[in-house]
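**Q** Before we start, here is the structure in question, set down as structure tokens.
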Amino acid sequence: MSADPAKKPDIPVIQVPRHPQWPHLDAREKAALKDRIRAMMRERNAVLVAHYYVDADLQALAEETGGCVADSLEMARFGAASEADTLLVCGVRFMGETAKILNPEKTVLMPDLAATCSLDEGCPAGPFSDFCDQHPDRTVVVYANTSAEVKARADWMVTSGIALDIVRHLHARGEKILWAPDKHLGHYVQRMTGADMLMWDGACVVHEEFKGFALERLRRLHPDAAVLVHPESPDEVVDQADVVGSTTALIQAVQQMPNEEFIVATDDGIFWKMQQMAPNKRLISAPTAGEGATCESCAHCPWMAMNALQNLEQVLREGHNEIHIEESVRQRAVGAIQRMLDFAASR
Ligand code: 13P
Ligand code: SF4
């Protein structure tokens, strides 16, 4: 791997929000709220596109109303194929932006536009563009968890579900890569492919909290458990994994592997879908750093937690929180995303 730390720009300090506390709803209130949302969705010809990390009620509603619950790659594909007029994206901002970039004619609404991502926050477009300018010989590959402006500077966008295949493909063509922003995912991809990758210094504040030493101890307590790790986690956690993969790959592992117990190193919002697909399996959250760490260290993304039935209803009622992308940025960003989708379709 090449590195030129002297030329790397400083990444901003990430302000990690506290998890919002949503008022408790009893079963009747929740059912009535879901009915109101369903009615407004019909009026708008809207479809719900949710990530596996958001609140279980939103994931269930997406399924009940013909929407999708998926990883970033499938969310992008689903939005592009949907005939709905409005995409309600429950996830974080880059997911709504990707939907809008691919579907400029559609209205894209999100429960909270402040729901961002530490990787996106840690890779501002200006310094990133300067970094690219310093390395014109490299193919620019950015993770989906970036702003539209950063994607506009990229040759390729990848998600965790397809990063290995795309980098392998570029490496086989002899291309050197500039990778941003997640250094852990980047390092994992670099180790697996042997590609020449120059890294941006970003990280996910949720996955970075998973700790290798504590995981070793937990594995000793559960020797028959399979260890499932999202590749945004640090090397010492990835190195202990039986399966490393996107959220979809980890869910499939719970379904397909014979083990009865799984230690899971990713956001625990995923447990709802894992439990739905494999109700008899036991899921254990991988250990985090605990209090005093860089985020609340609870294996739950504070930005994903900004999505709830309550603010989804508000957004549908008022039509606010719409994603807008300047057309010149959109036109430059769509190529990197479409290249990934075309690559995925060609396999
Ligand atoms: P996936 O694409 O694997 O769902 O990952 C998205 C993400 O933000 C993980 O933290
Ligand atoms: Fe971003 Fe990490 Fe949250 Fe995923 S879990 S959206 S990478 S901060």
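So you can find residues: chains in the structure tokens are A, B, ... in the order shown, residues in each start at 1, and ligands are numbered from 1 in order.
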Any residue with an atom at most 6 Å from ligand 1 counts, using only C-alpha atoms and all ligand atoms. Which are they? Put them as an MDAnalysis selection string.
**A** chainID A and resid 71:73 159:160 246:247
**Q** Write a file of the selected residues as a tab-separated table (two decimals), in the first residue's frame, keeping C-alpha atoms.
**A**
```tsv
chain	number	residue	atom	x	y	z
A	71	ASP	CA	-28.00	-2.65	2.66
A	72	SER	CA	-26.74	0.47	0.86
A	73	LEU	CA	-26.26	-1.31	-2.47
A	159	THR	CA	-20.60	-0.13	-1.06
A	160	SER	CA	-19.32	-2.74	1.37
A	246	SER	CA	-21.92	-6.15	4.19
A	247	THR	CA	-25.02	-6.09	6.35
```
**Q** Can you list, as a PyMOL selection string, every protein, DNA or RNA residue that comes within 10 Å of His187 (chain A) when you count only C-alpha atoms, leaving out same-chain residues fewer than 6 positions away?
**A** chain A and resi 1+179+193-194+197-199+231-232+234-235
**Q** Keeping only N, CA and C atoms, write those residues as a PDB file, in the first residue's frame.
**A**
```pdb
ATOM      1  N   MET A   1       0.846  -1.194   0.000  1.00  0.00           N
ATOM      2  CA  MET A   1       0.000   0.000   0.000  1.00  0.00           C
ATOM      3  C   MET A   1       0.883   1.248   0.000  1.00  0.00           C
ATOM      4  N   TRP A 179      -8.403   5.866  -2.215  1.00  0.00           N
ATOM      5  CA  TRP A 179      -9.581   5.329  -1.533  1.00  0.00           C
ATOM      6  C   TRP A 179     -10.035   6.283  -0.424  1.00  0.00           C
ATOM      7  N   THR A 193      -7.126  -7.811  -1.632  1.00  0.00           N
ATOM      8  CA  THR A 193      -6.915  -7.732  -3.085  1.00  0.00           C
ATOM      9  C   THR A 193      -5.458  -7.515  -3.474  1.00  0.00           C
ATOM     10  N   GLY A 194      -4.667  -6.991  -2.541  1.00  0.00           N
ATOM     11  CA  GLY A 194      -3.275  -6.650  -2.863  1.00  0.00           C
ATOM     12  C   GLY A 194      -3.156  -5.388  -3.707  1.00  0.00           C
ATOM     13  N   MET A 197      -3.332   1.037  -2.755  1.00  0.00           N
ATOM     14  CA  MET A 197      -4.393   1.950  -2.321  1.00  0.00           C
ATOM     15  C   MET A 197      -3.841   3.032  -1.397  1.00  0.00           C
ATOM     16  N   LEU A 198      -4.097   4.259  -1.766  1.00  0.00           N
ATOM     17  CA  LEU A 198      -3.742   5.398  -0.914  1.00  0.00           C
ATOM     18  C   LEU A 198      -5.007   5.786  -0.158  1.00  0.00           C
ATOM     19  N   MET A 199      -4.910   5.851   1.183  1.00  0.00           N
ATOM     20  CA  MET A 199      -6.133   5.956   2.006  1.00  0.00           C
ATOM     21  C   MET A 199      -6.375   7.349   2.564  1.00  0.00           C
ATOM     22  N   PRO A 231     -16.938  -4.894   7.714  1.00  0.00           N
ATOM     23  CA  PRO A 231     -15.536  -4.483   7.468  1.00  0.00           C
ATOM     24  C   PRO A 231     -15.220  -3.019   7.792  1.00  0.00           C
ATOM     25  N   GLU A 232     -16.154  -2.269   8.351  1.00  0.00           N
ATOM     26  CA  GLU A 232     -15.806  -0.944   8.878  1.00  0.00           C
ATOM     27  C   GLU A 232     -15.136  -1.068  10.250  1.00  0.00           C
ATOM     28  N   PRO A 234     -12.168  -2.325  13.046  1.00  0.00           N
ATOM     29  CA  PRO A 234     -10.698  -2.347  13.010  1.00  0.00           C
ATOM     30  C   PRO A 234     -10.140  -3.748  12.702  1.00  0.00           C
ATOM     31  N   ASP A 235      -8.889  -3.777  12.227  1.00  0.00           N
ATOM     32  CA  ASP A 235      -8.240  -5.044  11.833  1.00  0.00           C
ATOM     33  C   ASP A 235      -8.318  -6.120  12.914  1.00  0.00           C
TER      34      ASP A 235
END
```
**Q** Could you pull out the residues sitting within 8 Å of ligand 2, using only C-alpha atoms and all ligand atoms, and write them as a short mmCIF file (atom, residue, chain, number, x, y, z; two decimals) with N, CA and C atoms, in the first residue's frame?
**A**
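Listing of selection16.cif after writing:
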```
data_model
loop_
_atom_site.label_atom_id
_atom_site.label_comp_id
_atom_site.auth_asym_id
_atom_site.auth_seq_id
_atom_site.Cartn_x
_atom_site.Cartn_y
_atom_site.Cartn_z
N TYR A 53 -30.29 -0.83 9.89
CA TYR A 53 -29.93 -0.27 11.21
C TYR A 53 -31.03 0.59 11.81
N GLY A 91 -32.73 6.16 6.84
CA GLY A 91 -31.33 5.76 6.94
C GLY A 91 -30.55 7.02 7.23
N VAL A 92 -29.41 7.16 6.59
CA VAL A 92 -28.63 8.39 6.78
C VAL A 92 -28.52 9.14 5.46
N THR A 116 -26.60 12.17 9.58
CA THR A 116 -25.45 12.04 8.68
C THR A 116 -24.64 10.79 9.08
N CYS A 117 -23.33 10.84 8.93
CA CYS A 117 -22.50 9.65 9.12
C CYS A 117 -21.10 10.16 9.39
N SER A 118 -20.38 9.54 10.30
CA SER A 118 -19.05 10.06 10.64
C SER A 118 -18.09 9.97 9.45
N LEU A 119 -18.32 9.02 8.56
CA LEU A 119 -17.44 8.90 7.39
C LEU A 119 -17.68 10.06 6.43
N ASP A 120 -18.93 10.39 6.21
CA ASP A 120 -19.31 11.51 5.36
C ASP A 120 -18.78 12.83 5.98
N ASN A 145 -20.69 6.03 1.69
CA ASN A 145 -20.92 6.91 2.85
C ASN A 145 -20.18 8.23 2.70
N ALA A 203 -13.10 7.09 9.65
CA ALA A 203 -13.56 5.88 10.34
C ALA A 203 -15.03 6.05 10.75
N CYS A 204 -15.67 4.91 10.94
CA CYS A 204 -17.05 4.91 11.46
C CYS A 204 -16.96 4.91 12.97
N VAL A 205 -17.60 5.88 13.62
CA VAL A 205 -17.48 5.97 15.08
C VAL A 205 -18.19 4.80 15.79
N VAL A 206 -19.07 4.14 15.10
CA VAL A 206 -19.79 3.00 15.72
C VAL A 206 -18.92 1.74 15.64
N HIS A 207 -18.46 1.41 14.44
CA HIS A 207 -17.68 0.18 14.28
C HIS A 207 -16.30 0.28 14.90
N GLU A 232 -16.15 -2.27 8.35
CA GLU A 232 -15.81 -0.94 8.88
C GLU A 232 -15.14 -1.07 10.25
N THR A 266 -21.53 -5.38 14.38
CA THR A 266 -22.09 -4.29 13.57
C THR A 266 -23.23 -3.68 14.37
N ASP A 267 -23.85 -2.65 13.81
CA ASP A 267 -24.94 -1.96 14.52
C ASP A 267 -26.05 -2.97 14.88
N HIS A 300 -24.86 1.16 18.33
CA HIS A 300 -26.02 1.67 17.59
C HIS A 300 -25.73 3.08 17.09
N CYS A 301 -25.85 3.24 15.79
CA CYS A 301 -25.47 4.51 15.16
C CYS A 301 -26.42 5.64 15.60
N PRO A 302 -25.88 6.72 16.15
CA PRO A 302 -26.75 7.80 16.64
C PRO A 302 -27.48 8.52 15.51
N TRP A 303 -26.93 8.46 14.31
CA TRP A 303 -27.60 9.12 13.18
C TRP A 303 -28.72 8.23 12.64
N MET A 304 -28.50 6.94 12.59
CA MET A 304 -29.58 6.03 12.17
C MET A 304 -30.75 6.13 13.16
#
```
**Q** Which residue gives the smallest distance to Gly79 (chain A) among A:Ala225, A:Ala46, A:Leu164, A:Val16, with only C-alpha atoms counted?
**A**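 Smallest distance to Gly79 (chain A) is found for A:Ala46.
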**Q** When distances are computed from only C-alpha atoms, which of A:Gly161, A:Pro136, A:Pro12, A:Gly212 shows the smallest separation from Lys176 (chain A)?
**A**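 Using only C-alpha atoms, the shortest distance to Lys176 (chain A) belongs to A:Pro136.
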**Q** What does the distance from CA of His135 (chain A) to CA of Ser328 (chain A) come to in Å, to one decimal?
**A**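 Separation between CA of His135 (chain A) and CA of Ser328 (chain A): 23.5 Å.
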**Q** Could you go through region 210-269 of chain A and tell me which residues DSSP, when run on the backbone, assigns to strand (DSSP E or B), listing them as an mmCIF file with C-alpha atoms, in the first residue's frame?
**A**
```cif
data_model
loop_
_atom_site.group_PDB
_atom_site.id
_atom_site.type_symbol
_atom_site.label_atom_id
_atom_site.label_comp_id
_atom_site.auth_asym_id
_atom_site.auth_seq_id
_atom_site.Cartn_x
_atom_site.Cartn_y
_atom_site.Cartn_z
ATOM 1 C CA PHE A 210 -15.558 -2.838 18.636
ATOM 2 C CA ALA A 226 -19.547 -17.807 14.693
ATOM 3 C CA VAL A 227 -18.126 -14.281 14.578
ATOM 4 C CA LEU A 228 -19.694 -11.937 12.009
ATOM 5 C CA VAL A 229 -17.946 -8.635 11.332
ATOM 6 C CA VAL A 243 -17.492 -13.972 8.044
ATOM 7 C CA VAL A 244 -16.621 -10.403 7.017
ATOM 8 C CA GLU A 261 -24.852 -18.656 18.351
ATOM 9 C CA PHE A 262 -23.402 -15.625 16.581
ATOM 10 C CA ILE A 263 -21.260 -12.792 17.870
ATOM 11 C CA VAL A 264 -22.115 -9.799 15.721
ATOM 12 C CA ALA A 265 -19.808 -6.805 15.216
#
```
**Q** Excluding Ile37 (chain A) and its own-chain neighbours fewer than 6 positions away, which residues fall within 8 Å of it when counting only C-alpha atoms? Please give them as a list in words.
**A**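 What passes the distance filter is Leu312, Glu313 and Leu316 of chain A.
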**Q** Would you mind exporting C-alpha atoms of the selected residues as a PDB file, in the first residue's frame?
**A**
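Result file is part-v5.pdb:
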```pdb
ATOM      1  CA  LEU A 312     -41.683  10.032   9.317  1.00  0.00           C
ATOM      2  CA  GLU A 313     -45.327  11.005   9.839  1.00  0.00           C
ATOM      3  CA  LEU A 316     -45.204  13.053   5.060  1.00  0.00           C
TER       4      LEU A 316
END
```
**Q** Would you mind reading off the distance between CA of His324 (chain A) and CA of Ile14 (chain A), one decimal, in Å?
**A** 23.7 Å
**Q** Find the spatial neighbours of Glu260 (chain A), counting only C-alpha atoms, within a cut-off of 8 Å - ignore same-chain residues fewer than 5 positions away - and output them as JSON, numbers by chain.
**A** {"A": [224, 225, 280, 281, 282]}
